[in-house]
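First comes the structure, then the notes that go with it.
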Amino acid sequence: MESSTTSPNVNANRLFYGSCFALITTAFSFAIAAGILDQLKTELELTASQAGLITSMWFLGFPISMVIGGLIYHKVGGKAIMQFAFFAHAVGILLLIFSGSYMGLLIANLLIGLGNGCTEAACNPMIADAYKGTRMSKMLNRFHMWFPGGIAVGSLLSGLMTYFGILGQDQVWLLLIPALIYAYLFYGQDWPKAKVQEAATLSSNLKALITPLFIFIGICMALTAISEFGPNQWVSLILAKSGANPYLILALTAGLMAVARYFGGDMVKKFDQTGVLLGSAILATIGIYLFSTQTGAMAYVAAIIFALGIAYFWPNMIGLVATKVPKSGALGMSIVGAVGMFSSSIFQPIIGGWIDSDRADASAQGLTGDELELVSGQATLETMTIFPAILIVLFTILYFWMKNRKSEVEVEVA
């Protein structure tokens with residue numbers, strides 16, 4: 001029988017709901033703070049380089065606090081990490097609202113990024129420790145559904161506020177709502193202890209990090225992250241010239257990812273994490289390839305296949321570490337998450353270079369205007385299929401590796 005926690009003092013459900021609202025805060029910051037950047041750029045007369053640096057602070061704070069949080073999780077506890085997360089979120093949000101300076105916006109986005117990373121660092125291991133067996137995979141998927149779900153809801157609310165004349169920094173007040181809710185839900189709660197005793201010691205964590213399996217998972221995580229965030233970052237810009245509505249494409253992708261993650265536990269129960277990840281890589285490859293070849297209504301079909309492909313990547317890579325490398329503990333989950341974020345950061349300028357190169361090639365063929373943008377953009381998307389295509393090979397290897405692995409190194413399924 002699946003159980004939520006072995007300690008009667010731990011209210012696993014309340015902690016889980018608090019985690020969800022913390023991740024909604026992260027998603028809202030991604031959807032709304034990024035949405036007002038162009039207006040702030042105009043108001044403060046910032047250069048594109050300065051605006052880009054402000055955005056990069058969000059991504060910089062995230063992996064920094066994830067790694068530090070993973071290192072200290074079993075020393076200070078998840079509660080203390082989430083207390084700092086709320087402090088960073090609250091101060092960052094207020095700075096974003098009231099700051100009228102470039103430096104203030106840099107600090108605001110860095111603080112929000114730190115709060116977001118703390119959320120991942122504290123909540124992933126808490127869920128892994130609070131739930132057992134396939135229920136743990138189910139709850140990890142349902143926790144992570146609130147990132148795309150929060151982006152979809154945040155974007156919708158931002159659009160409504162814009163419609164009613166609530167613009168720019170006034171929209172940032174919305175971020176305080178889920179932040180205050182998670183602070184209330186976490187207040188006074190006990191956190192679960194590590195299920196695997198060795199997972200609570202840093203020496204065991206570090207030994208687990210240098211095992212072949214963990215290193216292999218880290219390589220896979222780098223590719224799953226860019227397979228998700230790479231096309232998502234560029235597809236709206238590319239598809240704007242294809243006859244499809246780029247905003248509808250992004251909303252469709254985010255919405256489907258949220259729904260798919262809600263049912264993620266059932267998928268893992270049926271196909272195991274490795275089977276789900278292999279199937280995801282196949283769908284992601286097909287989806288990105290369709291993006292690179294189709295226009296108009298078919299772009300929405302591509303979005304559906306792509307969303308179903310990438311939906312299970314992030315939560316099940318975290319879950320894979322929790323179940324297959326349990327001695328890596330909170331640090332292992334945080335390191336893998338940080339690898340995903342660093343990978344996204346590193347590959348973005350590379351993808352930008354591909355776009356520039358493909359645009360130059362298309363221009364040399366005499367293409368101009370919308371046709372130039374579409375042809376060059378689709379050529380770049382075709383190149384991006386290399387990421388999930390490599391994952392098909394790696395996850396096939398992982399599938400048979402785990403199938404033949406001795407059962408005693410697996411976490412016991414209740």
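Starting from 1 in every chain, residues are counted up; chains themselves are A, B, ... following the order of the structure tokens, and ligands are numbered from 1 as listed.
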
At a cut-off of 9 Å, using only C-alpha atoms, what residues contact segment 77-89 of chain A? Leave out same-chain residues fewer than 6 positions from it and give the result as a PDB file with C-alpha atoms, in the first residue's frame.
```pdb
ATOM      1  CA  ALA A  22       5.754  28.178  -4.219  1.00  0.00           C
ATOM      2  CA  THR A  25       5.181  31.954  -7.612  1.00  0.00           C
ATOM      3  CA  THR A  26       8.136  30.831  -9.768  1.00  0.00           C
ATOM      4  CA  GLY A  69      20.204  24.467  -0.994  1.00  0.00           C
ATOM      5  CA  ALA A 108      15.208  42.209  -7.815  1.00  0.00           C
ATOM      6  CA  LEU A 110      18.510  37.946  -8.768  1.00  0.00           C
ATOM      7  CA  LEU A 111      16.526  37.682  -5.510  1.00  0.00           C
ATOM      8  CA  ILE A 112      13.491  36.224  -7.284  1.00  0.00           C
ATOM      9  CA  GLY A 113      15.777  33.725  -9.031  1.00  0.00           C
ATOM     10  CA  LEU A 114      17.307  32.752  -5.677  1.00  0.00           C
ATOM     11  CA  GLY A 115      13.816  32.227  -4.232  1.00  0.00           C
ATOM     12  CA  ASN A 116      12.833  30.101  -7.221  1.00  0.00           C
ATOM     13  CA  GLY A 117      15.925  27.916  -6.880  1.00  0.00           C
ATOM     14  CA  CYS A 118      15.300  27.451  -3.152  1.00  0.00           C
ATOM     15  CA  THR A 119      11.808  26.215  -4.000  1.00  0.00           C
ATOM     16  CA  ALA A 121      16.038  22.669  -3.668  1.00  0.00           C
ATOM     17  CA  ALA A 122      13.620  22.263  -0.737  1.00  0.00           C
ATOM     18  CA  CYS A 123      10.448  20.880  -2.305  1.00  0.00           C
ATOM     19  CA  PRO A 125      13.546  16.209  -1.729  1.00  0.00           C
ATOM     20  CA  MET A 126      10.619  16.897   0.607  1.00  0.00           C
ATOM     21  CA  LEU A 175       3.218  37.522  -7.491  1.00  0.00           C
ATOM     22  CA  LEU A 176       2.679  38.232  -3.799  1.00  0.00           C
ATOM     23  CA  ALA A 179       3.965  33.745  -2.144  1.00  0.00           C
ATOM     24  CA  LEU A 180       1.837  34.654   0.887  1.00  0.00           C
ATOM     25  CA  TYR A 182       2.827  29.189   0.518  1.00  0.00           C
ATOM     26  CA  ALA A 183       4.298  31.060   3.493  1.00  0.00           C
ATOM     27  CA  PHE A 186       4.540  26.068   5.431  1.00  0.00           C
ATOM     28  CA  TYR A 187       4.301  28.024   8.690  1.00  0.00           C
ATOM     29  CA  GLY A 188       4.870  25.821  11.758  1.00  0.00           C
ATOM     30  CA  GLN A 189       5.076  22.567   9.786  1.00  0.00           C
ATOM     31  CA  ASP A 190       7.501  19.688  10.420  1.00  0.00           C
ATOM     32  CA  TRP A 191       9.387  18.327   7.421  1.00  0.00           C
TER      33      TRP A 191
END
```

Review point. Quick one: residues within 8 Å of Gly377 of chain A, only C-alpha atoms counted, chain neighbours fewer than 2 positions away excluded, as a list of chain:residue names?
Key: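 Returned residues: A:Ile238, A:Ser292, A:Ile355, A:Asp358, A:Arg359, A:Glu373, A:Leu374, A:Val375, A:Ala379, A:Thr380, A:Leu381.
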
Which residues, written as a PDB file with C-alpha atoms, in the first residue's frame, have at least one atom at most 10 Å from Gly279 of chain A, with only C-alpha atoms counted and residues fewer than 5 positions away on the same chain left out?
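Below is the file that was written, out.pdb:
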```
ATOM      1  CA  PHE A 271       5.890   2.215 -18.134  1.00  0.00           C
ATOM      2  CA  GLN A 273      10.423   6.295 -15.465  1.00  0.00           C
ATOM      3  CA  THR A 274      12.843   5.044 -18.111  1.00  0.00           C
ATOM      4  CA  ALA A 284       9.711  15.526 -28.656  1.00  0.00           C
ATOM      5  CA  LEU A 308       3.308  15.657 -24.729  1.00  0.00           C
ATOM      6  CA  GLY A 309       6.967  14.885 -25.417  1.00  0.00           C
ATOM      7  CA  ILE A 310       8.596  17.432 -23.119  1.00  0.00           C
ATOM      8  CA  TYR A 312       7.547  14.383 -18.503  1.00  0.00           C
ATOM      9  CA  ILE A 392      16.299   8.454 -27.872  1.00  0.00           C
ATOM     10  CA  PHE A 395      17.209   6.596 -22.909  1.00  0.00           C
ATOM     11  CA  THR A 396      17.212   3.300 -24.819  1.00  0.00           C
TER      12      THR A 396
END
```

Check your understanding: So which residues touch Ile386 of chain A within 12 Å, counting only C-alpha atoms, skipping near sequence neighbours fewer than 5 positions away, as a list in words?
Key ->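 The filter keeps Leu223, Thr224, Ile226, Ser227, Gly230, Pro231, Ala281, Ile282, Ala284, Thr285, Ile286, Ile288, Tyr289, Ile351, Thr380, Leu381, Leu391, Ile392 and Val393 of chain A.
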
Practice item. For Phe342 of chain A, please output as a ChimeraX atom specification all residues within 9 Å (counting only C-alpha atoms; exclusion window: fewer than 4 positions along the same chain). Key: /A:59-60,63,222,337-338,346-347

**Study point:** Long-range neighbours of Met145 of chain A as a list in words, 7 Å cut-off, only C-alpha atoms, 6 positions minimum in chain
**Key:**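 Close residues of Met145 of chain A: Met257, Ala258, Arg261 and Tyr262 of chain A.
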
Check your understanding: Which residue, A:Ala194, A:Leu277, A:Leu96, A:Ile72, has the smallest gap to Ser29 of chain A when you use only C-alpha atoms?
Key ->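 Of A:Ala194, A:Leu277, A:Leu96, A:Ile72, the one nearest Ser29 of chain A, counting only C-alpha atoms, is A:Leu96.
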
Could you give me, as a PDB file with all heavy atoms, in the first residue's frame, the residues within 7 Å of segment 313-329 of chain A, counting only C-alpha atoms and dropping anything in the same chain fewer than 5 positions from it?
```
ATOM      1  N   ALA A 128      10.076  13.672  -2.294  1.00  0.00           N
ATOM      2  CA  ALA A 128      10.710  12.354  -2.403  1.00  0.00           C
ATOM      3  C   ALA A 128      10.724  11.625  -1.060  1.00  0.00           C
ATOM      4  O   ALA A 128      10.599  10.396  -1.006  1.00  0.00           O
ATOM      5  CB  ALA A 128      12.132  12.499  -2.936  1.00  0.00           C
ATOM      6  N   SER A 137       6.424   9.377  -7.512  1.00  0.00           N
ATOM      7  CA  SER A 137       6.505   9.829  -8.904  1.00  0.00           C
ATOM      8  C   SER A 137       5.268  10.632  -9.293  1.00  0.00           C
ATOM      9  O   SER A 137       5.353  11.660  -9.969  1.00  0.00           O
ATOM     10  CB  SER A 137       6.657   8.623  -9.844  1.00  0.00           C
ATOM     11  OG  SER A 137       7.888   7.982  -9.642  1.00  0.00           O
ATOM     12  N   LEU A 140       5.524  14.093  -7.593  1.00  0.00           N
ATOM     13  CA  LEU A 140       6.540  14.927  -8.246  1.00  0.00           C
ATOM     14  C   LEU A 140       6.023  15.495  -9.557  1.00  0.00           C
ATOM     15  O   LEU A 140       6.237  16.660  -9.884  1.00  0.00           O
ATOM     16  CB  LEU A 140       7.821  14.119  -8.499  1.00  0.00           C
ATOM     17  CG  LEU A 140       8.903  14.146  -7.421  1.00  0.00           C
ATOM     18  CD1 LEU A 140      10.057  13.238  -7.807  1.00  0.00           C
ATOM     19  CD2 LEU A 140       9.404  15.568  -7.162  1.00  0.00           C
ATOM     20  N   ASN A 141       5.336  14.652 -10.340  1.00  0.00           N
ATOM     21  CA  ASN A 141       4.752  15.121 -11.598  1.00  0.00           C
ATOM     22  C   ASN A 141       3.687  16.182 -11.344  1.00  0.00           C
ATOM     23  O   ASN A 141       3.611  17.185 -12.062  1.00  0.00           O
ATOM     24  CB  ASN A 141       4.163  13.944 -12.388  1.00  0.00           C
ATOM     25  CG  ASN A 141       5.179  13.259 -13.266  1.00  0.00           C
ATOM     26  OD1 ASN A 141       5.468  13.710 -14.367  1.00  0.00           O
ATOM     27  ND2 ASN A 141       5.726  12.155 -12.785  1.00  0.00           N
ATOM     28  N   HIS A 144       5.344  19.473 -10.390  1.00  0.00           N
ATOM     29  CA  HIS A 144       5.950  20.167 -11.530  1.00  0.00           C
ATOM     30  C   HIS A 144       4.939  20.585 -12.592  1.00  0.00           C
ATOM     31  O   HIS A 144       5.286  21.361 -13.494  1.00  0.00           O
ATOM     32  CB  HIS A 144       7.055  19.300 -12.146  1.00  0.00           C
ATOM     33  CG  HIS A 144       8.316  19.310 -11.336  1.00  0.00           C
ATOM     34  ND1 HIS A 144       9.207  20.358 -11.370  1.00  0.00           N
ATOM     35  CD2 HIS A 144       8.817  18.431 -10.440  1.00  0.00           C
ATOM     36  CE1 HIS A 144      10.213  20.108 -10.553  1.00  0.00           C
ATOM     37  NE2 HIS A 144       9.997  18.956  -9.958  1.00  0.00           N
ATOM     38  N   VAL A 196      16.303   7.289   3.014  1.00  0.00           N
ATOM     39  CA  VAL A 196      17.539   6.514   2.983  1.00  0.00           C
ATOM     40  C   VAL A 196      18.534   7.204   3.894  1.00  0.00           C
ATOM     41  O   VAL A 196      18.876   8.371   3.675  1.00  0.00           O
ATOM     42  CB  VAL A 196      18.093   6.417   1.544  1.00  0.00           C
ATOM     43  CG1 VAL A 196      19.403   5.634   1.516  1.00  0.00           C
ATOM     44  CG2 VAL A 196      17.065   5.777   0.618  1.00  0.00           C
ATOM     45  N   GLU A 198      21.731   7.099   4.401  1.00  0.00           N
ATOM     46  CA  GLU A 198      22.955   7.651   3.817  1.00  0.00           C
ATOM     47  C   GLU A 198      22.694   8.952   3.058  1.00  0.00           C
ATOM     48  O   GLU A 198      23.600   9.753   2.837  1.00  0.00           O
ATOM     49  CB  GLU A 198      23.606   6.636   2.870  1.00  0.00           C
ATOM     50  CG  GLU A 198      24.151   5.402   3.566  1.00  0.00           C
ATOM     51  CD  GLU A 198      23.134   4.272   3.539  1.00  0.00           C
ATOM     52  OE1 GLU A 198      21.918   4.574   3.617  1.00  0.00           O
ATOM     53  OE2 GLU A 198      23.552   3.110   3.456  1.00  0.00           O
ATOM     54  N   ALA A 199      21.433   9.157   2.638  1.00  0.00           N
ATOM     55  CA  ALA A 199      21.104  10.359   1.877  1.00  0.00           C
ATOM     56  C   ALA A 199      21.218  11.614   2.725  1.00  0.00           C
ATOM     57  O   ALA A 199      21.288  12.723   2.204  1.00  0.00           O
ATOM     58  CB  ALA A 199      19.680  10.253   1.312  1.00  0.00           C
ATOM     59  N   ALA A 200      21.248  11.444   4.052  1.00  0.00           N
ATOM     60  CA  ALA A 200      21.305  12.600   4.943  1.00  0.00           C
ATOM     61  C   ALA A 200      22.736  13.008   5.277  1.00  0.00           C
ATOM     62  O   ALA A 200      22.955  13.944   6.039  1.00  0.00           O
ATOM     63  CB  ALA A 200      20.550  12.300   6.237  1.00  0.00           C
ATOM     64  N   SER A 204      28.143  10.694   1.760  1.00  0.00           N
ATOM     65  CA  SER A 204      27.434   9.717   0.920  1.00  0.00           C
ATOM     66  C   SER A 204      26.872  10.382  -0.333  1.00  0.00           C
ATOM     67  O   SER A 204      26.890   9.795  -1.424  1.00  0.00           O
ATOM     68  CB  SER A 204      26.298   9.061   1.706  1.00  0.00           C
ATOM     69  OG  SER A 204      26.797   8.252   2.746  1.00  0.00           O
ATOM     70  N   ASN A 205      26.362  11.611  -0.171  1.00  0.00           N
ATOM     71  CA  ASN A 205      25.854  12.355  -1.334  1.00  0.00           C
ATOM     72  C   ASN A 205      26.942  12.519  -2.386  1.00  0.00           C
ATOM     73  O   ASN A 205      26.731  12.259  -3.575  1.00  0.00           O
ATOM     74  CB  ASN A 205      25.369  13.747  -0.917  1.00  0.00           C
ATOM     75  CG  ASN A 205      24.162  13.732   0.003  1.00  0.00           C
ATOM     76  OD1 ASN A 205      23.879  14.725   0.653  1.00  0.00           O
ATOM     77  ND2 ASN A 205      23.455  12.609   0.090  1.00  0.00           N
ATOM     78  N   LEU A 206      28.119  12.965  -1.940  1.00  0.00           N
ATOM     79  CA  LEU A 206      29.220  13.239  -2.872  1.00  0.00           C
ATOM     80  C   LEU A 206      29.709  11.968  -3.547  1.00  0.00           C
ATOM     81  O   LEU A 206      30.038  11.984  -4.740  1.00  0.00           O
ATOM     82  CB  LEU A 206      30.373  13.927  -2.130  1.00  0.00           C
ATOM     83  CG  LEU A 206      30.059  15.344  -1.611  1.00  0.00           C
ATOM     84  CD1 LEU A 206      31.198  15.878  -0.759  1.00  0.00           C
ATOM     85  CD2 LEU A 206      29.778  16.295  -2.776  1.00  0.00           C
ATOM     86  N   ALA A 208      27.867   9.386  -4.237  1.00  0.00           N
ATOM     87  CA  ALA A 208      26.836   9.014  -5.210  1.00  0.00           C
ATOM     88  C   ALA A 208      26.919   9.866  -6.471  1.00  0.00           C
ATOM     89  O   ALA A 208      26.537   9.419  -7.563  1.00  0.00           O
ATOM     90  CB  ALA A 208      25.447   9.146  -4.578  1.00  0.00           C
ATOM     91  N   LEU A 209      27.411  11.112  -6.330  1.00  0.00           N
ATOM     92  CA  LEU A 209      27.485  12.020  -7.472  1.00  0.00           C
ATOM     93  C   LEU A 209      28.518  11.583  -8.503  1.00  0.00           C
ATOM     94  O   LEU A 209      28.444  12.004  -9.666  1.00  0.00           O
ATOM     95  CB  LEU A 209      27.827  13.447  -7.014  1.00  0.00           C
ATOM     96  CG  LEU A 209      26.804  14.160  -6.119  1.00  0.00           C
ATOM     97  CD1 LEU A 209      27.229  15.589  -5.853  1.00  0.00           C
ATOM     98  CD2 LEU A 209      25.417  14.135  -6.737  1.00  0.00           C
ATOM     99  N   PHE A 214      24.800   8.334 -12.067  1.00  0.00           N
ATOM    100  CA  PHE A 214      24.454   9.742 -11.834  1.00  0.00           C
ATOM    101  C   PHE A 214      25.029  10.625 -12.936  1.00  0.00           C
ATOM    102  O   PHE A 214      24.364  11.556 -13.412  1.00  0.00           O
ATOM    103  CB  PHE A 214      24.963  10.215 -10.471  1.00  0.00           C
ATOM    104  CG  PHE A 214      24.525  11.616 -10.135  1.00  0.00           C
ATOM    105  CD1 PHE A 214      23.282  11.851  -9.566  1.00  0.00           C
ATOM    106  CD2 PHE A 214      25.321  12.712 -10.446  1.00  0.00           C
ATOM    107  CE1 PHE A 214      22.849  13.143  -9.296  1.00  0.00           C
ATOM    108  CE2 PHE A 214      24.902  14.012 -10.172  1.00  0.00           C
ATOM    109  CZ  PHE A 214      23.666  14.213  -9.595  1.00  0.00           C
ATOM    110  N   MET A 221      20.057  14.983 -18.499  1.00  0.00           N
ATOM    111  CA  MET A 221      19.336  16.166 -18.029  1.00  0.00           C
ATOM    112  C   MET A 221      19.708  17.400 -18.842  1.00  0.00           C
ATOM    113  O   MET A 221      18.843  18.230 -19.159  1.00  0.00           O
ATOM    114  CB  MET A 221      19.634  16.406 -16.542  1.00  0.00           C
ATOM    115  CG  MET A 221      18.839  17.554 -15.936  1.00  0.00           C
ATOM    116  SD  MET A 221      17.050  17.246 -16.022  1.00  0.00           S
ATOM    117  CE  MET A 221      16.404  18.486 -14.920  1.00  0.00           C
ATOM    118  N   THR A 224      17.687  17.006 -21.987  1.00  0.00           N
ATOM    119  CA  THR A 224      16.231  17.149 -21.829  1.00  0.00           C
ATOM    120  C   THR A 224      15.858  18.611 -21.596  1.00  0.00           C
ATOM    121  O   THR A 224      14.846  19.092 -22.120  1.00  0.00           O
ATOM    122  CB  THR A 224      15.689  16.302 -20.653  1.00  0.00           C
ATOM    123  OG1 THR A 224      16.336  16.684 -19.443  1.00  0.00           O
ATOM    124  CG2 THR A 224      15.880  14.830 -20.891  1.00  0.00           C
ATOM    125  N   GLN A 273       9.857   4.996 -15.080  1.00  0.00           N
ATOM    126  CA  GLN A 273      10.423   6.295 -15.465  1.00  0.00           C
ATOM    127  C   GLN A 273      11.218   6.216 -16.757  1.00  0.00           C
ATOM    128  O   GLN A 273      11.125   7.091 -17.614  1.00  0.00           O
ATOM    129  CB  GLN A 273      11.316   6.823 -14.339  1.00  0.00           C
ATOM    130  CG  GLN A 273      10.536   7.291 -13.116  1.00  0.00           C
ATOM    131  CD  GLN A 273      11.372   7.287 -11.859  1.00  0.00           C
ATOM    132  OE1 GLN A 273      12.296   6.499 -11.717  1.00  0.00           O
ATOM    133  NE2 GLN A 273      11.042   8.160 -10.933  1.00  0.00           N
ATOM    134  N   LEU A 277      10.440   8.268 -20.182  1.00  0.00           N
ATOM    135  CA  LEU A 277      11.442   9.188 -20.733  1.00  0.00           C
ATOM    136  C   LEU A 277      11.792   8.832 -22.180  1.00  0.00           C
ATOM    137  O   LEU A 277      11.963   9.726 -23.026  1.00  0.00           O
ATOM    138  CB  LEU A 277      12.702   9.182 -19.863  1.00  0.00           C
ATOM    139  CG  LEU A 277      12.542   9.883 -18.506  1.00  0.00           C
ATOM    140  CD1 LEU A 277      13.712   9.546 -17.585  1.00  0.00           C
ATOM    141  CD2 LEU A 277      12.422  11.397 -18.670  1.00  0.00           C
ATOM    142  N   GLU A 410      17.866  -0.449  -6.063  1.00  0.00           N
ATOM    143  CA  GLU A 410      16.662   0.346  -6.278  1.00  0.00           C
ATOM    144  C   GLU A 410      16.034   0.700  -4.935  1.00  0.00           C
ATOM    145  O   GLU A 410      16.167  -0.029  -3.950  1.00  0.00           O
ATOM    146  CB  GLU A 410      15.638  -0.464  -7.083  1.00  0.00           C
ATOM    147  CG  GLU A 410      16.135  -0.945  -8.438  1.00  0.00           C
ATOM    148  CD  GLU A 410      15.924   0.070  -9.532  1.00  0.00           C
ATOM    149  OE1 GLU A 410      15.274   1.078  -9.261  1.00  0.00           O
ATOM    150  OE2 GLU A 410      16.389  -0.161 -10.638  1.00  0.00           O
ATOM    151  N   VAL A 411      15.333   1.801  -4.885  1.00  0.00           N
ATOM    152  CA  VAL A 411      14.550   2.125  -3.692  1.00  0.00           C
ATOM    153  C   VAL A 411      13.365   1.173  -3.616  1.00  0.00           C
ATOM    154  O   VAL A 411      12.726   0.881  -4.633  1.00  0.00           O
ATOM    155  CB  VAL A 411      14.045   3.587  -3.779  1.00  0.00           C
ATOM    156  CG1 VAL A 411      13.021   3.857  -2.689  1.00  0.00           C
ATOM    157  CG2 VAL A 411      15.193   4.549  -3.636  1.00  0.00           C
TER     158      VAL A 411
END
```

Check your understanding: Using only C-alpha atoms, which residue out of A:Leu40, A:Ile304, A:Ala362, A:Ala27 lies closest to Gln378 of chain A?
Key -> A:Ala362
